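Peer 1: Sharing my_file.cif below, mmCIF, C-alpha atoms:
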```cif
data_upload
#
loop_
_atom_site.label_atom_id
_atom_site.label_comp_id
_atom_site.auth_asym_id
_atom_site.auth_seq_id
_atom_site.Cartn_x
_atom_site.Cartn_y
_atom_site.Cartn_z
CA MET A 1 105.92 81.25 6.82
CA SER A 2 102.98 80.29 8.97
CA TYR A 3 101.92 76.89 10.21
CA SER A 4 99.03 78.25 12.25
CA LYS A 5 96.72 81.22 12.52
CA PHE A 6 98.63 82.90 15.35
CA LEU A 7 101.28 84.54 13.16
CA PRO A 8 99.89 88.11 13.49
CA LEU A 9 100.09 87.75 17.30
CA PHE A 10 103.51 86.19 17.05
CA LEU A 11 104.66 89.21 15.04
CA PHE A 12 104.55 91.30 18.20
CA THR A 13 106.51 88.69 20.15
CA GLY A 14 109.12 88.57 17.39
CA LEU A 15 109.44 92.33 17.27
CA PHE A 16 109.93 92.41 21.06
CA LEU A 17 112.66 89.79 20.96
CA PHE A 18 114.30 91.49 18.01
CA SER A 19 114.24 94.89 19.71
CA PHE A 20 115.61 93.36 22.91
CA ALA A 21 118.51 91.81 21.00
CA CYS A 22 119.61 95.07 19.35
CA SER A 23 121.00 98.15 21.06
CA THR A 24 119.84 101.70 20.41
CA GLU A 25 123.17 102.51 18.82
CA GLU A 26 122.82 99.61 16.37
CA ARG A 27 119.29 100.63 15.41
CA GLN A 28 120.45 104.18 14.70
CA SER A 29 123.20 102.88 12.43
CA TYR A 30 120.64 101.06 10.26
CA GLN A 31 119.60 104.29 8.59
CA ASP A 32 122.38 103.99 6.03
CA PRO A 33 122.36 103.30 3.21
CA ALA A 34 119.11 104.27 1.51
CA PHE A 35 118.45 102.03 -1.48
CA THR A 36 116.56 103.15 -4.57
CA PRO A 37 114.17 100.56 -6.05
CA VAL A 38 115.21 99.16 -9.43
CA GLU A 39 113.30 100.74 -12.31
CA TRP A 40 111.70 97.48 -13.46
CA SER A 41 109.86 97.26 -10.14
CA ARG A 42 108.09 100.59 -10.65
CA SER A 43 105.21 99.21 -12.73
CA ALA A 44 105.34 95.63 -11.51
CA THR A 45 102.77 93.12 -10.34
CA ILE A 46 104.16 90.18 -8.34
CA TYR A 47 103.05 86.54 -8.65
CA GLU A 48 103.68 83.91 -5.97
CA VAL A 49 104.49 80.42 -7.26
CA ASN A 50 103.93 77.34 -5.10
CA VAL A 51 105.96 74.98 -7.31
CA ARG A 52 104.72 71.79 -5.65
CA GLN A 53 101.06 72.63 -6.25
CA PHE A 54 101.44 74.59 -9.51
CA SER A 55 101.04 71.43 -11.62
CA GLU A 56 100.49 67.70 -11.29
CA GLU A 57 104.22 67.27 -11.89
CA GLY A 58 105.23 70.03 -9.47
CA THR A 59 108.40 70.94 -11.35
CA PHE A 60 110.38 73.97 -12.50
CA ALA A 61 109.80 72.84 -16.09
CA LYS A 62 106.02 73.05 -15.71
CA VAL A 63 106.30 76.53 -14.25
CA GLU A 64 108.51 77.54 -17.16
CA GLU A 65 105.88 76.31 -19.63
CA GLN A 66 103.38 78.77 -18.17
CA LEU A 67 105.62 81.85 -18.24
CA PRO A 68 104.21 83.20 -21.54
CA ARG A 69 100.70 82.95 -20.08
CA LEU A 70 101.78 84.80 -16.95
CA LYS A 71 103.47 87.49 -19.01
CA GLU A 72 100.26 87.94 -20.97
CA LEU A 73 98.34 88.13 -17.69
CA GLY A 74 100.43 91.16 -16.77
CA ILE A 75 102.92 89.60 -14.35
CA ASP A 76 106.39 91.12 -14.02
CA ILE A 77 107.93 89.49 -10.93
CA LEU A 78 107.82 85.78 -10.08
CA TRP A 79 108.26 85.00 -6.40
CA LEU A 80 109.10 81.32 -6.00
CA MET A 81 108.39 79.81 -2.60
CA PRO A 82 111.58 78.16 -1.22
CA VAL A 83 113.20 75.86 -3.77
CA HIS A 84 115.69 74.14 -1.47
CA PRO A 85 115.76 70.50 -0.28
CA ILE A 86 113.36 69.97 2.63
CA GLY A 87 114.40 68.45 5.95
CA GLU A 88 113.31 64.94 6.84
CA VAL A 89 113.88 64.96 10.61
CA GLU A 90 110.73 66.20 12.41
CA ARG A 91 109.12 66.71 9.00
CA LYS A 92 105.48 67.80 9.03
CA GLY A 93 103.20 65.75 6.83
CA THR A 94 104.42 63.57 3.98
CA LEU A 95 106.41 66.11 1.98
CA GLY A 96 107.24 68.70 4.63
CA SER A 97 107.38 72.47 4.59
CA TYR A 98 109.32 74.49 2.04
CA TYR A 99 110.46 76.59 4.98
CA SER A 100 112.43 73.72 6.54
CA VAL A 101 115.66 74.20 4.58
CA LYS A 102 118.11 71.32 4.48
CA ASP A 103 120.66 72.86 2.09
CA TYR A 104 120.84 76.53 1.07
CA PHE A 105 123.03 75.72 -1.94
CA ASP A 106 120.84 73.11 -3.66
CA VAL A 107 117.35 72.66 -5.12
CA ASN A 108 114.59 70.33 -4.02
CA PRO A 109 114.83 67.23 -6.28
CA GLU A 110 111.01 67.14 -6.32
CA PHE A 111 111.19 70.23 -8.53
CA GLY A 112 113.99 69.18 -10.88
CA THR A 113 117.65 70.05 -11.19
CA LYS A 114 119.70 73.22 -10.92
CA GLU A 115 119.81 73.31 -14.71
CA ASP A 116 116.00 73.18 -14.79
CA PHE A 117 115.97 76.12 -12.40
CA ARG A 118 118.50 77.99 -14.51
CA SER A 119 116.33 77.44 -17.58
CA LEU A 120 113.29 78.85 -15.77
CA VAL A 121 115.20 82.01 -14.82
CA GLU A 122 116.62 82.44 -18.32
CA THR A 123 113.21 82.05 -19.96
CA ALA A 124 111.71 84.55 -17.53
CA HIS A 125 114.42 87.04 -18.43
CA GLU A 126 113.83 86.50 -22.14
CA LEU A 127 110.20 87.49 -21.46
CA GLU A 128 111.38 90.56 -19.49
CA MET A 129 110.14 89.03 -16.25
CA ARG A 130 112.11 88.87 -13.00
CA VAL A 131 112.58 86.02 -10.52
CA ILE A 132 112.97 86.37 -6.76
CA LEU A 133 113.52 83.49 -4.34
CA ASP A 134 111.85 82.99 -0.98
CA TRP A 135 114.68 82.96 1.57
CA VAL A 136 114.51 81.45 5.06
CA ALA A 137 117.32 83.10 7.01
CA ASN A 138 115.96 82.69 10.54
CA HIS A 139 115.99 78.90 10.91
CA THR A 140 116.93 75.64 9.20
CA ALA A 141 115.80 72.02 9.11
CA TRP A 142 116.92 69.79 11.99
CA ASP A 143 119.03 67.79 9.54
CA ASN A 144 120.73 70.70 7.80
CA PRO A 145 124.42 69.68 7.65
CA LEU A 146 125.30 72.87 9.52
CA THR A 147 124.08 71.15 12.71
CA GLU A 148 127.12 68.88 12.44
CA THR A 149 129.71 71.08 10.75
CA ASN A 150 128.84 74.29 12.61
CA PRO A 151 126.69 73.54 15.66
CA GLU A 152 127.70 76.93 17.08
CA PHE A 153 125.46 78.50 14.41
CA PHE A 154 122.34 77.53 16.39
CA GLU A 155 120.50 78.68 19.49
CA ARG A 156 120.19 76.21 22.39
CA ASP A 157 117.52 75.66 25.03
CA GLU A 158 118.24 75.36 28.76
CA GLU A 159 119.27 71.73 28.32
CA GLY A 160 121.69 72.63 25.54
CA ASN A 161 119.55 71.22 22.73
CA PHE A 162 118.68 72.79 19.39
CA MET A 163 115.33 74.54 19.57
CA PRO A 164 112.51 75.76 17.32
CA PRO A 165 112.06 79.53 16.89
CA TYR A 166 110.87 81.25 20.04
CA GLY A 167 107.17 81.11 20.78
CA THR A 168 106.14 79.16 17.66
CA ASP A 169 104.73 75.75 16.77
CA TRP A 170 107.37 75.37 14.05
CA SER A 171 108.61 72.06 15.39
CA ASP A 172 110.21 71.05 12.08
CA VAL A 173 112.86 73.81 12.16
CA ILE A 174 115.54 75.10 14.56
CA GLN A 175 116.63 78.63 15.38
CA LEU A 176 119.85 80.09 14.00
CA ASN A 177 121.95 82.31 16.26
CA PHE A 178 122.48 85.69 14.61
CA ASN A 179 124.56 86.85 17.56
CA ASN A 180 127.29 84.79 15.92
CA PRO A 181 128.88 86.89 13.12
CA ASP A 182 129.86 83.72 11.28
CA VAL A 183 126.14 83.05 10.71
CA HIS A 184 125.94 86.39 8.92
CA ASP A 185 128.91 85.48 6.72
CA TYR A 186 127.53 82.06 5.85
CA MET A 187 124.03 83.29 5.05
CA ILE A 188 125.25 86.15 2.89
CA SER A 189 127.50 83.76 0.96
CA ALA A 190 124.41 81.64 0.25
CA LEU A 191 122.39 84.68 -0.84
CA ARG A 192 125.20 85.77 -3.15
CA TYR A 193 125.41 82.28 -4.68
CA TRP A 194 121.96 82.37 -6.30
CA VAL A 195 122.49 85.84 -7.72
CA GLU A 196 125.99 85.12 -9.00
CA GLU A 197 125.37 81.61 -10.33
CA PHE A 198 121.76 81.79 -11.53
CA ASN A 199 121.24 85.52 -12.09
CA ILE A 200 118.11 85.74 -9.94
CA ASP A 201 116.76 89.22 -9.29
CA GLY A 202 116.26 89.38 -5.54
CA TYR A 203 114.61 87.79 -2.54
CA ARG A 204 111.46 87.58 -0.47
CA ALA A 205 112.71 87.35 3.12
CA ASP A 206 110.67 84.99 5.28
CA VAL A 207 109.88 86.41 8.76
CA ALA A 208 112.36 89.19 8.03
CA TYR A 209 111.55 90.92 11.34
CA LEU A 210 113.12 88.02 13.30
CA VAL A 211 116.55 88.58 11.74
CA PRO A 212 118.69 91.59 12.75
CA THR A 213 118.36 94.59 10.46
CA GLU A 214 122.14 95.06 10.23
CA PHE A 215 122.31 91.63 8.58
CA TRP A 216 119.79 92.63 5.92
CA VAL A 217 121.53 95.97 5.28
CA ARG A 218 124.85 94.22 4.74
CA ALA A 219 123.21 91.55 2.58
CA ARG A 220 121.53 94.18 0.42
CA ARG A 221 124.79 96.08 0.00
CA GLU A 222 126.64 92.93 -1.08
CA LEU A 223 123.89 91.77 -3.44
CA ASP A 224 123.67 95.17 -5.08
CA SER A 225 127.42 95.00 -5.70
CA ILE A 226 126.67 92.05 -8.00
CA LYS A 227 123.57 93.51 -9.68
CA PRO A 228 120.65 95.72 -8.61
CA VAL A 229 118.19 93.48 -6.77
CA PHE A 230 114.62 93.76 -5.46
CA MET A 231 114.00 92.86 -1.83
CA LEU A 232 110.62 92.01 -0.26
CA ALA A 233 110.33 91.69 3.53
CA GLU A 234 107.67 89.54 5.14
CA ALA A 235 107.12 92.31 7.65
CA HIS A 236 105.46 95.67 8.17
CA THR A 237 108.43 97.20 9.98
CA PRO A 238 109.84 100.63 9.04
CA GLU A 239 113.22 99.80 10.59
CA LEU A 240 113.86 97.18 7.88
CA HIS A 241 113.51 99.51 4.94
CA PRO A 242 117.04 100.69 4.58
CA ALA A 243 117.47 97.15 3.20
CA PHE A 244 114.11 96.33 1.61
CA ASP A 245 112.11 97.88 -1.21
CA MET A 246 108.75 96.41 -0.24
CA GLY A 247 106.99 95.03 2.83
CA TYR A 248 103.71 93.26 3.58
CA TRP A 249 100.68 95.42 4.25
CA TRP A 250 99.27 92.91 6.74
CA GLU A 251 97.25 95.56 8.57
CA MET A 252 95.43 96.56 5.39
CA HIS A 253 94.77 92.93 4.49
CA HIS A 254 93.24 92.17 7.88
CA LEU A 255 91.18 95.34 7.74
CA TRP A 256 89.77 94.28 4.37
CA ASN A 257 88.79 90.92 5.86
CA ARG A 258 86.96 92.74 8.65
CA ILE A 259 85.23 95.09 6.21
CA ALA A 260 84.07 92.06 4.21
CA ARG A 261 82.49 90.70 7.41
CA GLY A 262 80.80 94.03 8.07
CA GLU A 263 83.04 94.74 11.05
CA GLY A 264 85.48 97.36 9.74
CA GLU A 265 85.07 101.04 8.84
CA LEU A 266 86.28 102.55 5.56
CA SER A 267 87.81 105.42 7.50
CA GLU A 268 90.31 102.90 8.85
CA ILE A 269 91.75 102.58 5.34
CA ASP A 270 92.54 106.29 5.40
CA GLN A 271 94.20 105.94 8.80
CA LEU A 272 96.41 103.06 7.67
CA ILE A 273 97.51 105.04 4.61
CA ALA A 274 98.31 108.05 6.81
CA ASP A 275 100.27 105.84 9.22
CA PHE A 276 102.25 104.34 6.36
CA ARG A 277 103.16 107.74 4.91
CA ARG A 278 104.23 108.94 8.35
CA ASP A 279 106.29 105.91 9.38
CA PHE A 280 107.97 104.54 6.24
CA PRO A 281 110.60 105.98 3.90
CA GLU A 282 109.07 107.92 1.03
CA ASP A 283 109.98 105.53 -1.77
CA THR A 284 108.99 102.32 0.03
CA PHE A 285 106.36 100.06 -1.53
CA MET A 286 103.77 98.03 0.34
CA MET A 287 102.56 94.72 -1.09
CA ASN A 288 98.76 94.59 -1.38
CA PHE A 289 97.03 91.21 -1.38
CA ILE A 290 93.74 89.45 -0.77
CA THR A 291 95.40 86.04 -0.48
CA ASN A 292 98.82 84.38 -0.34
CA HIS A 293 100.16 80.96 0.63
CA ASP A 294 99.73 81.56 4.36
CA GLU A 295 96.20 82.93 4.09
CA ASN A 296 95.08 80.27 1.62
CA SER A 297 96.36 77.33 3.66
CA TRP A 298 95.53 78.53 7.17
CA ALA A 299 92.83 81.25 7.08
CA GLY A 300 90.72 80.22 4.08
CA THR A 301 90.47 81.30 0.47
CA GLU A 302 89.63 84.87 -0.47
CA PHE A 303 86.11 83.63 -1.21
CA ASP A 304 85.83 82.17 2.30
CA ARG A 305 86.97 85.44 3.86
CA MET A 306 85.52 88.04 1.50
CA GLY A 307 82.53 86.35 -0.08
CA ASP A 308 80.94 88.37 -2.86
CA GLY A 309 83.41 91.21 -2.21
CA VAL A 310 86.39 89.46 -3.80
CA GLU A 311 86.36 91.52 -7.00
CA ALA A 312 85.85 94.79 -5.13
CA PHE A 313 88.87 94.15 -2.92
CA ALA A 314 90.91 92.97 -5.93
CA VAL A 315 90.21 96.28 -7.67
CA MET A 316 91.36 98.13 -4.56
CA MET A 317 94.45 95.95 -4.24
CA SER A 318 95.46 96.53 -7.86
CA LEU A 319 94.93 100.27 -8.16
CA MET A 320 95.85 101.75 -4.78
CA GLU A 321 99.39 102.74 -3.80
CA GLY A 322 101.64 99.70 -3.56
CA MET A 323 102.30 96.56 -5.61
CA PRO A 324 99.55 93.95 -6.07
CA LEU A 325 100.28 90.30 -5.34
CA ILE A 326 98.50 87.38 -6.94
CA TYR A 327 98.90 83.84 -5.61
CA ASN A 328 98.97 81.04 -8.18
CA GLY A 329 95.44 79.95 -9.09
CA GLN A 330 93.89 83.21 -7.95
CA GLU A 331 93.86 84.47 -11.52
CA THR A 332 91.42 81.72 -12.50
CA GLY A 333 89.15 82.02 -9.48
CA PHE A 334 90.58 78.90 -7.81
CA ASN A 335 88.55 78.37 -4.64
CA ARG A 336 90.12 75.75 -2.40
CA MET A 337 92.56 75.77 0.50
CA LEU A 338 95.78 74.04 -0.57
CA GLU A 339 97.45 71.47 1.67
CA PHE A 340 100.75 72.80 2.98
CA PHE A 341 102.69 69.58 3.64
CA GLU A 342 101.16 67.29 1.00
CA LYS A 343 100.80 67.15 -2.76
CA ASP A 344 97.60 69.01 -3.64
CA PRO A 345 97.73 70.47 -7.17
CA ILE A 346 95.70 73.47 -8.28
CA ASP A 347 92.62 72.85 -10.43
CA TRP A 348 93.12 75.35 -13.25
CA ASP A 349 90.15 76.89 -15.08
CA PHE A 350 91.62 79.05 -17.82
CA ASP A 351 88.14 79.86 -19.13
CA SER A 352 87.30 81.62 -15.88
CA PRO A 353 86.17 85.28 -16.18
CA PHE A 354 88.74 86.08 -13.50
CA VAL A 355 91.48 85.71 -16.14
CA ASP A 356 90.28 88.74 -18.11
CA PHE A 357 89.40 90.59 -14.90
CA TYR A 358 92.91 90.38 -13.46
CA SER A 359 94.59 90.84 -16.83
CA THR A 360 92.70 94.09 -17.38
CA LEU A 361 93.75 95.43 -13.98
CA PHE A 362 97.39 94.36 -14.23
CA HIS A 363 97.91 95.74 -17.72
CA LEU A 364 96.48 99.06 -16.59
CA LYS A 365 98.83 98.92 -13.60
CA ARG A 366 101.80 98.22 -15.86
CA GLU A 367 101.04 100.91 -18.43
CA HIS A 368 99.48 103.84 -16.58
CA PRO A 369 101.84 106.57 -15.24
CA ALA A 370 99.64 107.32 -12.23
CA LEU A 371 99.75 103.70 -11.02
CA GLN A 372 103.52 103.35 -10.83
CA ASN A 373 105.00 102.18 -7.54
CA GLY A 374 106.60 104.49 -5.02
CA THR A 375 107.35 108.09 -5.85
CA ALA A 376 107.07 107.35 -9.58
CA GLY A 377 103.28 107.07 -9.33
CA GLY A 378 100.54 109.41 -8.21
CA PRO A 379 99.39 109.64 -4.59
CA MET A 380 96.07 108.10 -3.67
CA LEU A 381 93.50 110.81 -2.90
CA ARG A 382 90.11 109.90 -1.50
CA MET A 383 87.12 111.57 -3.16
CA SER A 384 84.26 112.25 -0.75
CA THR A 385 80.77 110.94 -1.56
CA SER A 386 77.32 111.19 -0.08
CA ALA A 387 77.74 107.60 1.19
CA ASP A 388 81.27 107.46 2.58
CA GLU A 389 80.34 104.78 5.11
CA ALA A 390 79.86 102.31 2.22
CA ILE A 391 81.62 103.85 -0.79
CA TYR A 392 85.35 104.27 -1.18
CA ALA A 393 86.20 106.53 -4.12
CA PHE A 394 89.74 107.65 -4.90
CA SER A 395 91.87 109.14 -7.65
CA ARG A 396 95.50 108.76 -8.65
CA SER A 397 97.09 111.25 -11.00
CA ARG A 398 100.45 111.75 -12.67
CA ASP A 399 100.66 114.94 -14.72
CA ASP A 400 97.47 114.87 -16.85
CA ASN A 401 96.98 111.12 -16.51
CA HIS A 402 94.24 110.08 -14.07
CA VAL A 403 92.62 106.91 -12.75
CA LEU A 404 89.44 107.05 -10.68
CA ALA A 405 88.06 104.09 -8.72
CA VAL A 406 84.60 103.99 -7.12
CA ILE A 407 83.93 100.89 -5.01
CA ASN A 408 80.92 99.78 -3.01
CA PHE A 409 82.26 97.94 0.05
CA SER A 410 78.85 96.89 1.30
CA ASP A 411 76.32 94.12 0.72
CA GLN A 412 73.63 96.65 -0.22
CA GLU A 413 72.97 98.64 -3.39
CA GLN A 414 74.15 102.23 -2.97
CA VAL A 415 72.79 105.32 -4.76
CA PHE A 416 75.07 108.28 -4.13
CA GLU A 417 76.88 111.33 -5.48
CA ILE A 418 80.58 112.14 -5.75
CA THR A 419 80.85 115.36 -3.75
CA GLY A 420 84.64 115.76 -3.63
CA LYS A 421 87.12 117.15 -6.13
CA ILE A 422 87.41 115.19 -9.38
CA PRO A 423 90.52 115.57 -11.58
CA PHE A 424 89.55 117.30 -14.81
CA GLY A 425 89.52 115.10 -17.92
CA ASN A 426 87.63 112.90 -20.31
CA TYR A 427 87.16 109.35 -19.02
CA VAL A 428 86.30 105.86 -20.21
CA GLU A 429 85.29 103.02 -17.91
CA LEU A 430 87.90 100.27 -17.75
CA PHE A 431 85.49 97.34 -17.83
CA GLY A 432 83.08 98.88 -20.36
CA GLN A 433 80.27 99.34 -17.84
CA GLU A 434 79.88 103.10 -18.47
CA GLU A 435 80.81 105.30 -21.39
CA THR A 436 82.03 108.22 -19.31
CA PHE A 437 82.35 109.45 -15.75
CA ALA A 438 79.34 110.99 -13.99
CA THR A 439 78.99 112.31 -10.44
CA PHE A 440 75.82 110.33 -9.69
CA PHE A 441 76.09 106.56 -9.25
CA SER A 442 74.02 103.51 -8.52
CA LEU A 443 76.27 100.60 -7.61
CA PRO A 444 75.07 97.11 -6.74
CA ALA A 445 76.33 95.34 -3.64
CA TRP A 446 80.12 95.03 -3.90
CA GLY A 447 80.01 96.85 -7.26
CA TYR A 448 82.82 98.97 -8.69
CA ARG A 449 83.67 101.32 -11.52
CA VAL A 450 87.15 102.26 -12.75
CA PHE A 451 87.62 105.30 -14.99
CA VAL A 452 90.74 106.11 -16.99
CA SER A 453 91.38 109.55 -18.47
CA THR A 454 91.82 109.78 -22.25
CA ASN A 455 93.62 113.14 -22.33
#
```
Can the structure in the file be given as structure tokens, please?

Peer 2:
Amino acid sequence: MSYSKFLPLFLFTGLFLFSFACSTEERQSYQDPAFTPVEWSRSATIYEVNVRQFSEEGTFAKVEEQLPRLKELGIDILWLMPVHPIGEVERKGTLGSYYSVKDYFDVNPEFGTKEDFRSLVETAHELEMRVILDWVANHTAWDNPLTETNPEFFERDEEGNFMPPYGTDWSDVIQLNFNNPDVHDYMISALRYWVEEFNIDGYRADVAYLVPTEFWVRARRELDSIKPVFMLAEAHTPELHPAFDMGYWWEMHHLWNRIARGEGELSEIDQLIADFRRDFPEDTFMMNFITNHDENSWAGTEFDRMGDGVEAFAVMMSLMEGMPLIYNGQETGFNRMLEFFEKDPIDWDFDSPFVDFYSTLFHLKREHPALQNGTAGGPMLRMSTSADEAIYAFSRSRDDNHVLAVINFSDQEQVFEITGKIPFGNYVELFGQEETFATFFSLPAWGYRVFVSTN
């Protein structure tokens, strides 16, 4: 959730408040249990659905119609932005924010009925796709009935009034009080409801770092008692990962934006990977992305931020360690910032070359042993070149199965040689640009080559 561009700065404020609220003893207790990711997440690509903007109608039924297309694209997990009724008091814009939840046990009538939602989930499962819901645990709409039935669930300001989350401009929502154990009970009952009644497959937790980790650990334990679920945290916080399978790799995303502007160094990629391996549990995934709903609506499209480098960064996103995310419309090269509080449907171009581009990457991701998520896949090993300041080359291997990626992250043609160790094998180029792998390359500005072993 982000209504402005200050979210990365606010992250630090949130982490401070969160750390202040929890004792050392509590933080130590978070280390149990350790959850193992469900097997269907190992080869998955995740797709974010903005139901309101997905079609002119903006309904669950119209999303359901497109599920076969998304399956063919190579999508395995559907992440639906919040589906609940939206608050009217202090609403932003005409239609309001998905993240202003009026009722955790109902669906937004804009989108259809609960039976329409059930049908979407059932059709996804028939296609061997999974559905996770965006969950807003930290705050509610001003007119959520809990403000009347359970006013003790909420934080108060110095005058005793309900208040927006600390340090934000989120004036359309009010802060829940997780120091009250009854808030934990209520929220977990709501999380259980959608798994038990609609058979959803997990959650994306909005601003997960603002909610106590012990809540998420308990929630994960209770949800897994119903069925194995997949949990995505909107956070890059190691402490959360006893409860979550995957987090946001915000640092990598922002670095890529800087590299696209000519301000970042490729060596910083190596440092972020080293930091991740040092700080996070071994079988944790990071979500890789070049856009999402926050970035698209507040920071610009991937084309605004990355220019001619969009495909190069998409190749990196799809093949490196972690799970790639695609935001609806991205797969057709959609190039417009979507309104957040108004109706603003996507202009789809299914003839776009981006369709085949992303489909090729995601099917390779799904099928290749080296590209599996977590410990199931192969580690990412950088291959040195004679132009490491502009070229990022890496391999991933699992047994005798190898993928090599060579990417020019500069706005100049590069002529160079691979000087590092190359996994032995016979290779074909994924996009048909070369017949086999060679150590000498000439890549145009923002060019790339992907080689797959044929052993």

Peer 1: Evaluate the PyMOL selection byres ((chain A and resi 51-60) around 10) against this structure - the residues, as an MDAnalysis selection string, please.

Peer 2: chainID A and resid 48:50 61:66 80:83 95 98 108:121 328:329 338:348

Peer 1: Can you spell out as a PyMOL selection string the set of residues that the PyMOL selection byres ((chain A and resi 127) around 12) selects in the structure I just provided?

Peer 2: chain A and resi 64+66-72+74-78+120-126+128-131

Peer 1: Pick out the closest residue to Val450 in chain A from this set: A:Ile188, A:Leu361, A:Ala376, A:Ala390. Count only C-alpha atoms.

Peer 2: A:Leu361

Peer 1: Which residues, written as a list in words, have at least one atom at most 9 Å from Val136 in chain A, with only C-alpha atoms counted and residues fewer than 2 positions away on the same chain left out?

Peer 2: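 In the requested format, the answer is Met1, Pro82, Tyr99, Ser100, Val101, Tyr104, Asp134, Asn138, His139, Thr140, Arg204, Ala205, Asp206, Val207 and Ala208 of chain A.
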
Peer 1: Have a look at A:Phe105, A:Trp446, A:Trp298, A:Phe35 and name the one nearest to Leu223 in chain A; count all atoms listed in the file.

Peer 2: A:Phe35

Peer 1: Quick one: contact table of range 291-392 of chain A to range 412-420 of chain A, 9 Å max, nearest atom pair and distance in Å to one decimal per residue, counting all atoms listed in the file, chain and number order, as a tab-separated table?

Peer 2:
```
residue	atom	partner	partner_atom	distance
A:Arg382	CA	A:Gly420	CA	8.3
A:Met383	CA	A:Gly420	CA	4.9
A:Ser384	CA	A:Gly420	CA	4.6
A:Thr385	CA	A:Ile418	CA	4.4
A:Ser386	CA	A:Glu417	CA	5.4
A:Ala387	CA	A:Phe416	CA	6.0
A:Ala390	CA	A:Gln414	CA	7.7
A:Ile391	CA	A:Gln414	CA	7.9
```

Peer 1: May I ask for the distance between CA of Ser442 in chain A and CA of Leu266 in chain A, given in Å to one decimal place?

Peer 2: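 Pair CA of Ser442 in chain A / CA of Leu266 in chain A returns 18.7 Å.
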
Peer 1: Extract, using only C-alpha atoms, all DNA, RNA and protein residues at most 10 Å from Leu364 in chain A, discarding same-chain residues fewer than 2 positions from it, and format them as a PDB file with C-alpha atoms, keeping the file's coordinate frame.

Peer 2:
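New file around_0.pdb:
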```
ATOM      1  CA  SER A  43     105.210  99.210 -12.730  1.00  0.00           C
ATOM      2  CA  GLY A  74     100.430  91.160 -16.770  1.00  0.00           C
ATOM      3  CA  SER A 318      95.460  96.530  -7.860  1.00  0.00           C
ATOM      4  CA  LEU A 319      94.930 100.270  -8.160  1.00  0.00           C
ATOM      5  CA  TYR A 358      92.910  90.380 -13.460  1.00  0.00           C
ATOM      6  CA  SER A 359      94.590  90.840 -16.830  1.00  0.00           C
ATOM      7  CA  THR A 360      92.700  94.090 -17.380  1.00  0.00           C
ATOM      8  CA  LEU A 361      93.750  95.430 -13.980  1.00  0.00           C
ATOM      9  CA  PHE A 362      97.390  94.360 -14.230  1.00  0.00           C
ATOM     10  CA  ARG A 366     101.800  98.220 -15.860  1.00  0.00           C
ATOM     11  CA  GLU A 367     101.040 100.910 -18.430  1.00  0.00           C
ATOM     12  CA  HIS A 368      99.480 103.840 -16.580  1.00  0.00           C
ATOM     13  CA  PRO A 369     101.840 106.570 -15.240  1.00  0.00           C
ATOM     14  CA  ALA A 370      99.640 107.320 -12.230  1.00  0.00           C
ATOM     15  CA  LEU A 371      99.750 103.700 -11.020  1.00  0.00           C
ATOM     16  CA  VAL A 403      92.620 106.910 -12.750  1.00  0.00           C
ATOM     17  CA  LEU A 430      87.900 100.270 -17.750  1.00  0.00           C
ATOM     18  CA  VAL A 452      90.740 106.110 -16.990  1.00  0.00           C
TER      19      VAL A 452
END
```
